[in-house]
Amino acid sequence: MQITDQKGSSAKVAHLTSAHGRNDTRIFFKQCRSLVAHGYDVTLVVADDKGDAYTDGVKVVDVGRLTGRLKRMFETTQRVFEKAVNLDADIYHLHDPELIPMGLKLKRLGKQVIFDSHEDVTKQLLGKPYLDPVSRQLLSHAFMLFEHYACRKFDGIVAATPFICKKFLKINPATVDISNFPLISEFDSATPWGDKRNEVCYVGGISATRGIREIVRACELLQSPTRLNLGGFFSEPELEHEVKTYPGWARVAQLGHLDRAGVRDVLGRSVAGLVTLHPLLNYLDALPVKMFEYMAAGIPVIASDFPLWREIVDGAQCGLCVDPLSPKAIAGAIDYLVSNPEVAQRMGENGRKAILEKYNWPIQARKLTKFYAEISHGNAPANC
């Protein structure tokens with residue numbers, strides 16, 4: 001079905017981001033390309049300083065990159081807004097909290113606006129290590145008040161998890177849960193289990209709260225000859241220097257940034273994937289992309305023992321849940337899966353089956369295009 005505006009042409013959609021790159025998996029590879037396939041005229045406005053482009057039917061418009069958090073929040077967002085106005089789109093889809101004020105301006109211009117809440121920012125602020133406890137509480141509360149004021153004025157809210165969706169339903173009834181589940185096609189060619197190596201992997205942002213200290217400490221406790229493939233960038237140079245002094249670092253292959261093909265290759269040769277984030281408020285109810293990508297690649301997950309994550313892992317019988325603050329527990333899980341390949345293979349197959357049946361992007365894409373159709377026709381959809 002092709003959605004059209006009142007003029008009879010394909011509805012123009014502008015996805016706006018001041019913080020994410022043009023190759024962001026959720027924004028570009030999933031949402032923008034799915035909307036193009038459904039007949040929408042899609043433009044993605046970014047600020048990554050890589051120039052304009054046309055890729056997979058999506059027009060990418062670059063407003064240039066400014067360094068520094070304050071410049072991004074104020075000057076870059078203004079550039080994004082000016083470009084958005086020039087595009088004269090029918091629907092604007094915002095992907096960053098700092099763009100919410102721009103969304104209010106677009107509403108005053110008579111435009112339809114959707115806000116995409118990738119994370120629960122109010123909880124995220126409470127976990128910022130560089131803020132003192134009082135500042136965290138004040139900022140979180142202030143943002144909550146502004147979020148409630150602004151988001152009730154928007155035409156729709158897209159939430160990245162069911163938990164965030166339920167929160168926004170109290171603010172705006174036109175809220176839908178669009179989870180960031182994998183593209184099945186990315187992981188179609190699974191590596192035969194007999195070709196696996198004694199390797200496990202972690203792929204994603206590398207930080208203290210995402211468990212890098214405990215993971216590297218676990219490597220020095222391993223009884224099996226297992227190595228860790230580490231994909232991604234460190235958020236703090238001091239932390240990188242610190243963990244490189246740990247004895248366990250001798251077992252780490254630091255891979256840096258991986259493109260989608262690189263991620264697929266690393267997951268393909270690994271026996272298990274690690275997602276042992278710390279028990280912070282903004283992680284407890286999150287749906288980590290990497291966990292579902294491990295499942296899609298047919299490898300078992302070693303995940304933090306959070307109630308929601310245990311429900312998913314135990315429900316699919318696709319891995320092990322451990323105390324993320326215990327290097328000993330993490331090492332024990334790694335050794336168990338490496339030493340019991342038939343168990344690991346069965347868990348990996350179970351995870352892959354769960355992805356094919358439930359946790360995949362094509363199902364979410366249908367929800368997204370249905371949501372857009374309802375927004376386009378002035379309805380008030382809700383689906384959590």
# chains A, B, ... in the order shown; residues from 1 in each chain; ligands from 1

$ residues_around --residues "stretch 65-78 of chain A" --least-positions-apart "5" --cutoff "9 Å" --atoms "only C-alpha atoms" --output "list in words"
Thr17, Ser18, Ala19, Val46, Ala47, Asp48, Asp49, Lys50, Lys83, Glu98, Leu99 and Met102 of chain A

$ residues_around --residues "A:Lys107" --least-positions-apart "6" --cutoff "10 Å" --atoms "only C-alpha atoms" --output "PyMOL selection string"
chain A and resi 92+101+113+153-155

$ closest_residue --among "A:Val121, A:Leu139, A:Ala296, A:Ala373" --to "A:Phe181" --atoms "only C-alpha atoms"
A:Ala296

$ closest_residue --among "A:Gly110, A:Gly204, A:Pro362, A:Pro173" --to "A:His257" --atoms "only C-alpha atoms"
A:Gly204

$ residues_around --residues "A:Phe233" --least-positions-apart "4" --cutoff "7 Å" --atoms "only C-alpha atoms" --output "list in words"
Gly205, Ile206, Gly256 and His257 of chain A

$ residues_around --residues "A:Glu220" --least-positions-apart "5" --cutoff "8 Å" --atoms "only C-alpha atoms" --output "list of chain:residue names"
A:Pro247, A:Gly248, A:Trp249, A:Arg251

$ select_by_dssp --residues "stretch 214-359 of chain A" --states "strand (DSSP E)" --output "MDAnalysis selection string"
chainID A and resid 227:231 252:256 272:275 301:304 319:322

$ closest_residue --among "A:Leu104, A:Val13, A:Val36, A:Leu267" --to "A:Leu87" --atoms "only C-alpha atoms"
A:Val13

$ residues_around --residues "A:Lys328" --least-positions-apart "4" --cutoff "9 Å" --atoms "only C-alpha atoms" --output "ChimeraX atom specification"
/A:214,217-218,221-222,332-333

$ closest_residue --among "A:Ala53, A:Ile299, A:Ala174, A:Ile164" --to "A:Ala286" --atoms "only C-alpha atoms"
A:Ile164

$ residues_around --residues "A:Leu35" --least-positions-apart "4" --cutoff "9 Å" --atoms "only C-alpha atoms" --output "PyMOL selection string"
chain A and resi 13+30-31+39-42+365+368-369+372

$ write_last_selection --atoms "N, CA and C atoms" --output "PDB file, in the first residue's frame"
ATOM      1  N   VAL A  13       8.541  12.438   3.858  1.00  0.00           N
ATOM      2  CA  VAL A  13       8.915  12.194   5.246  1.00  0.00           C
ATOM      3  C   VAL A  13      10.355  12.648   5.451  1.00  0.00           C
ATOM      4  N   LYS A  30      16.771   0.403   9.068  1.00  0.00           N
ATOM      5  CA  LYS A  30      15.463  -0.169   9.383  1.00  0.00           C
ATOM      6  C   LYS A  30      14.328   0.781   9.013  1.00  0.00           C
ATOM      7  N   GLN A  31      14.245   1.914   9.677  1.00  0.00           N
ATOM      8  CA  GLN A  31      13.067   2.765   9.479  1.00  0.00           C
ATOM      9  C   GLN A  31      13.027   3.434   8.106  1.00  0.00           C
ATOM     10  N   GLY A  39       6.667   3.108  -0.217  1.00  0.00           N
ATOM     11  CA  GLY A  39       6.186   4.155  -1.113  1.00  0.00           C
ATOM     12  C   GLY A  39       6.375   5.576  -0.649  1.00  0.00           C
ATOM     13  N   TYR A  40       7.024   5.777   0.497  1.00  0.00           N
ATOM     14  CA  TYR A  40       7.238   7.136   0.980  1.00  0.00           C
ATOM     15  C   TYR A  40       8.463   7.773   0.330  1.00  0.00           C
ATOM     16  N   ASP A  41       8.420   9.097   0.217  1.00  0.00           N
ATOM     17  CA  ASP A  41       9.550   9.902  -0.246  1.00  0.00           C
ATOM     18  C   ASP A  41      10.320  10.312   1.007  1.00  0.00           C
ATOM     19  N   VAL A  42      11.488   9.698   1.244  1.00  0.00           N
ATOM     20  CA  VAL A  42      12.178   9.824   2.529  1.00  0.00           C
ATOM     21  C   VAL A  42      13.491  10.594   2.400  1.00  0.00           C
ATOM     22  N   ALA A 365       8.518  -3.469  11.190  1.00  0.00           N
ATOM     23  CA  ALA A 365       8.317  -2.598  10.021  1.00  0.00           C
ATOM     24  C   ALA A 365       6.842  -2.502   9.662  1.00  0.00           C
ATOM     25  N   LEU A 368       5.356  -0.100  11.978  1.00  0.00           N
ATOM     26  CA  LEU A 368       5.759   1.272  11.661  1.00  0.00           C
ATOM     27  C   LEU A 368       4.943   1.843  10.506  1.00  0.00           C
ATOM     28  N   THR A 369       4.798   1.086   9.422  1.00  0.00           N
ATOM     29  CA  THR A 369       4.061   1.604   8.269  1.00  0.00           C
ATOM     30  C   THR A 369       2.567   1.748   8.582  1.00  0.00           C
ATOM     31  N   TYR A 372       2.340   5.003  10.480  1.00  0.00           N
ATOM     32  CA  TYR A 372       2.435   6.143   9.574  1.00  0.00           C
ATOM     33  C   TYR A 372       1.126   6.366   8.819  1.00  0.00           C
TER      34      TYR A 372
END

$ closest_residue --among "A:Gly232, A:Gly21, A:Pro133, A:Gly64" --to "A:Asp96" --atoms "only C-alpha atoms"
A:Gly21

$ residues_around --residues "A:Val200" --least-positions-apart "6" --cutoff "6 Å" --atoms "only C-alpha atoms" --output "number ranges by chain"
A: 228, 270-273

$ select_by_dssp --residues "stretch 142-369 of chain A" --states "alpha helix (DSSP H)" --output "PyMOL selection string"
chain A and resi 142-151+162-169+212-219+237-243+260-269+281-284+289-296+307-316+327-339+341-357+361-369

$ write_last_selection --atoms "C-alpha atoms" --output "short mmCIF file (atom, residue, chain, number, x, y, z; two decimals), in the first residue's frame"
data_model
loop_
_atom_site.label_atom_id
_atom_site.label_comp_id
_atom_site.auth_asym_id
_atom_site.auth_seq_id
_atom_site.Cartn_x
_atom_site.Cartn_y
_atom_site.Cartn_z
CA ALA A 142 13.07 19.16 34.66
CA PHE A 143 13.35 17.06 31.51
CA MET A 144 10.35 14.97 32.55
CA LEU A 145 8.19 18.11 32.86
CA PHE A 146 9.35 19.42 29.47
CA GLU A 147 8.91 16.00 27.84
CA HIS A 148 5.32 15.78 29.12
CA TYR A 149 4.53 19.29 27.89
CA ALA A 150 6.03 18.85 24.42
CA CYS A 151 5.24 15.26 23.55
CA PRO A 162 7.39 -1.68 25.57
CA PHE A 163 8.39 -0.04 28.88
CA ILE A 164 9.01 3.33 27.20
CA CYS A 165 5.80 2.88 25.23
CA LYS A 166 3.73 2.46 28.39
CA LYS A 167 5.31 5.60 29.84
CA PHE A 168 4.42 7.70 26.80
CA LEU A 169 0.88 6.36 26.56
CA ILE A 212 34.03 -3.82 30.33
CA ARG A 213 36.01 -4.06 33.58
CA GLU A 214 34.23 -7.23 34.64
CA ILE A 215 34.47 -8.76 31.16
CA VAL A 216 38.24 -8.30 30.95
CA ARG A 217 38.65 -9.46 34.55
CA ALA A 218 36.67 -12.57 33.59
CA CYS A 219 39.17 -13.29 30.81
CA PRO A 237 40.35 7.00 27.11
CA GLU A 238 41.28 6.59 30.80
CA LEU A 239 39.12 3.47 31.05
CA GLU A 240 40.74 1.99 27.93
CA HIS A 241 44.19 2.56 29.39
CA GLU A 242 43.10 0.99 32.69
CA VAL A 243 41.66 -2.25 31.34
CA ARG A 260 27.63 -4.48 9.47
CA ALA A 261 29.63 -7.09 7.53
CA GLY A 262 32.28 -7.02 10.23
CA VAL A 263 29.70 -7.57 12.96
CA ARG A 264 28.28 -10.52 11.05
CA ASP A 265 31.75 -12.07 10.65
CA VAL A 266 32.67 -11.73 14.32
CA LEU A 267 29.37 -13.14 15.53
CA GLY A 268 29.65 -15.96 13.02
CA ARG A 269 32.92 -17.29 14.38
CA LEU A 281 17.79 2.09 36.02
CA ASN A 282 17.97 2.83 32.30
CA TYR A 283 19.28 -0.68 31.50
CA LEU A 284 16.90 -2.82 33.56
CA VAL A 289 20.17 -4.62 20.28
CA LYS A 290 23.30 -6.71 20.65
CA MET A 291 21.45 -9.46 22.55
CA PHE A 292 19.00 -9.95 19.70
CA GLU A 293 21.77 -9.78 17.10
CA TYR A 294 23.60 -12.57 18.92
CA MET A 295 20.39 -14.59 18.81
CA ALA A 296 19.91 -13.81 15.11
CA PRO A 307 14.09 -9.90 35.28
CA LEU A 308 13.14 -8.78 31.74
CA TRP A 309 16.28 -10.22 30.16
CA ARG A 310 15.93 -13.50 32.06
CA GLU A 311 12.33 -13.76 30.82
CA ILE A 312 13.55 -13.46 27.22
CA VAL A 313 16.61 -15.72 27.57
CA ASP A 314 14.88 -18.42 29.61
CA GLY A 315 11.75 -18.19 27.49
CA ALA A 316 13.73 -18.92 24.35
CA PRO A 327 33.89 -11.65 36.74
CA LYS A 328 33.84 -15.17 38.19
CA ALA A 329 30.23 -15.72 37.09
CA ILE A 330 30.94 -14.35 33.62
CA ALA A 331 34.03 -16.56 33.25
CA GLY A 332 32.06 -19.60 34.43
CA ALA A 333 29.39 -19.03 31.80
CA ILE A 334 31.99 -18.66 29.05
CA ASP A 335 33.82 -21.81 30.11
CA TYR A 336 30.58 -23.78 30.29
CA LEU A 337 29.49 -22.89 26.74
CA VAL A 338 32.95 -23.42 25.24
CA SER A 339 33.29 -26.78 27.01
CA PRO A 341 29.50 -27.19 22.31
CA GLU A 342 26.37 -29.30 21.86
CA VAL A 343 24.58 -27.23 24.54
CA ALA A 344 25.85 -23.98 23.05
CA GLN A 345 24.75 -25.02 19.57
CA ARG A 346 21.28 -25.92 20.80
CA MET A 347 20.94 -22.59 22.63
CA GLY A 348 22.10 -20.76 19.52
CA GLU A 349 19.54 -22.57 17.38
CA ASN A 350 16.82 -21.75 19.90
CA GLY A 351 17.75 -18.07 19.80
CA ARG A 352 17.69 -18.03 16.01
CA LYS A 353 14.25 -19.67 16.05
CA ALA A 354 12.95 -17.01 18.46
CA ILE A 355 14.22 -14.28 16.14
CA LEU A 356 12.54 -15.83 13.09
CA GLU A 357 9.24 -16.22 14.92
CA TRP A 361 12.47 -6.22 12.18
CA PRO A 362 9.96 -7.20 9.44
CA ILE A 363 7.26 -7.53 12.13
CA GLN A 364 8.24 -4.12 13.53
CA ALA A 365 8.32 -2.60 10.02
CA ARG A 366 4.68 -3.55 9.50
CA LYS A 367 3.81 -1.81 12.76
CA LEU A 368 5.76 1.27 11.66
CA THR A 369 4.06 1.60 8.27
#

$ closest_residue --among "A:Asn86, A:Ser185, A:Ser117, A:Thr276" --to "A:Ala14" --atoms "only C-alpha atoms"
A:Asn86

$ atom_distance --atom1 "atom CA of A:Ser135" --atom2 "atom CA of A:Arg79"
29.1 Å

$ atom_distance --atom1 "atom CA of A:Pro300" --atom2 "atom CA of A:Gly319"
4.6 Å

$ decode --residues "stretch 85-151 of chain A" --atoms "C-alpha atoms" --output "compact mmCIF listing (two decimals), in the first residue's frame"
# COMPACT_ATOMS: atom_id res chain seq x y z
CA VAL A 85 11.79 23.74 7.05
CA ASN A 86 13.33 23.97 3.57
CA LEU A 87 12.39 20.36 2.86
CA ASP A 88 8.70 21.17 3.42
CA ALA A 89 7.91 17.56 4.33
CA ASP A 90 4.52 16.23 5.38
CA ILE A 91 5.78 14.22 8.35
CA TYR A 92 8.86 14.94 10.49
CA HIS A 93 10.34 12.10 12.56
CA LEU A 94 12.69 13.28 15.35
CA HIS A 95 15.36 10.96 16.76
CA ASP A 96 17.04 13.01 19.49
CA PRO A 97 15.73 14.63 22.69
CA GLU A 98 17.51 17.90 21.85
CA LEU A 99 15.31 18.15 18.74
CA ILE A 100 12.08 18.27 20.74
CA PRO A 101 12.04 22.13 20.75
CA MET A 102 12.45 22.01 16.96
CA GLY A 103 9.47 19.68 16.85
CA LEU A 104 7.34 22.26 18.65
CA LYS A 105 8.37 24.87 16.07
CA LEU A 106 7.43 22.51 13.24
CA LYS A 107 4.04 21.94 14.86
CA ARG A 108 3.47 25.70 14.89
CA LEU A 109 4.17 25.62 11.15
CA GLY A 110 1.33 23.13 10.74
CA LYS A 111 3.48 20.03 10.25
CA GLN A 112 2.92 16.50 11.51
CA VAL A 113 5.62 15.52 13.98
CA ILE A 114 6.66 12.16 15.44
CA PHE A 115 9.16 11.82 18.29
CA ASP A 116 11.18 8.60 18.47
CA SER A 117 12.25 7.82 22.04
CA HIS A 118 15.26 5.54 21.66
CA GLU A 119 15.87 5.58 25.41
CA ASP A 120 14.17 6.66 28.62
CA VAL A 121 16.03 9.95 29.05
CA THR A 122 14.65 10.66 32.51
CA LYS A 123 16.16 7.40 33.77
CA GLN A 124 19.32 7.88 31.71
CA LEU A 125 20.01 11.21 33.40
CA LEU A 126 19.77 9.55 36.80
CA GLY A 127 22.66 7.29 35.82
CA LYS A 128 25.08 9.94 34.49
CA PRO A 129 28.36 9.38 36.40
CA TYR A 130 29.66 12.92 35.72
CA LEU A 131 26.71 14.54 37.55
CA ASP A 132 26.34 14.73 41.31
CA PRO A 133 23.20 13.11 42.79
CA VAL A 134 21.32 16.39 43.31
CA SER A 135 22.02 17.57 39.75
CA ARG A 136 20.86 14.23 38.37
CA GLN A 137 17.55 14.47 40.20
CA LEU A 138 16.96 18.10 39.19
CA LEU A 139 17.81 17.55 35.53
CA SER A 140 15.77 14.37 35.32
CA HIS A 141 12.72 16.06 36.84
CA ALA A 142 13.07 19.16 34.66
CA PHE A 143 13.35 17.06 31.51
CA MET A 144 10.35 14.97 32.55
CA LEU A 145 8.19 18.11 32.86
CA PHE A 146 9.35 19.42 29.47
CA GLU A 147 8.91 16.00 27.84
CA HIS A 148 5.32 15.78 29.12
CA TYR A 149 4.53 19.29 27.89
CA ALA A 150 6.03 18.85 24.42
CA CYS A 151 5.24 15.26 23.55
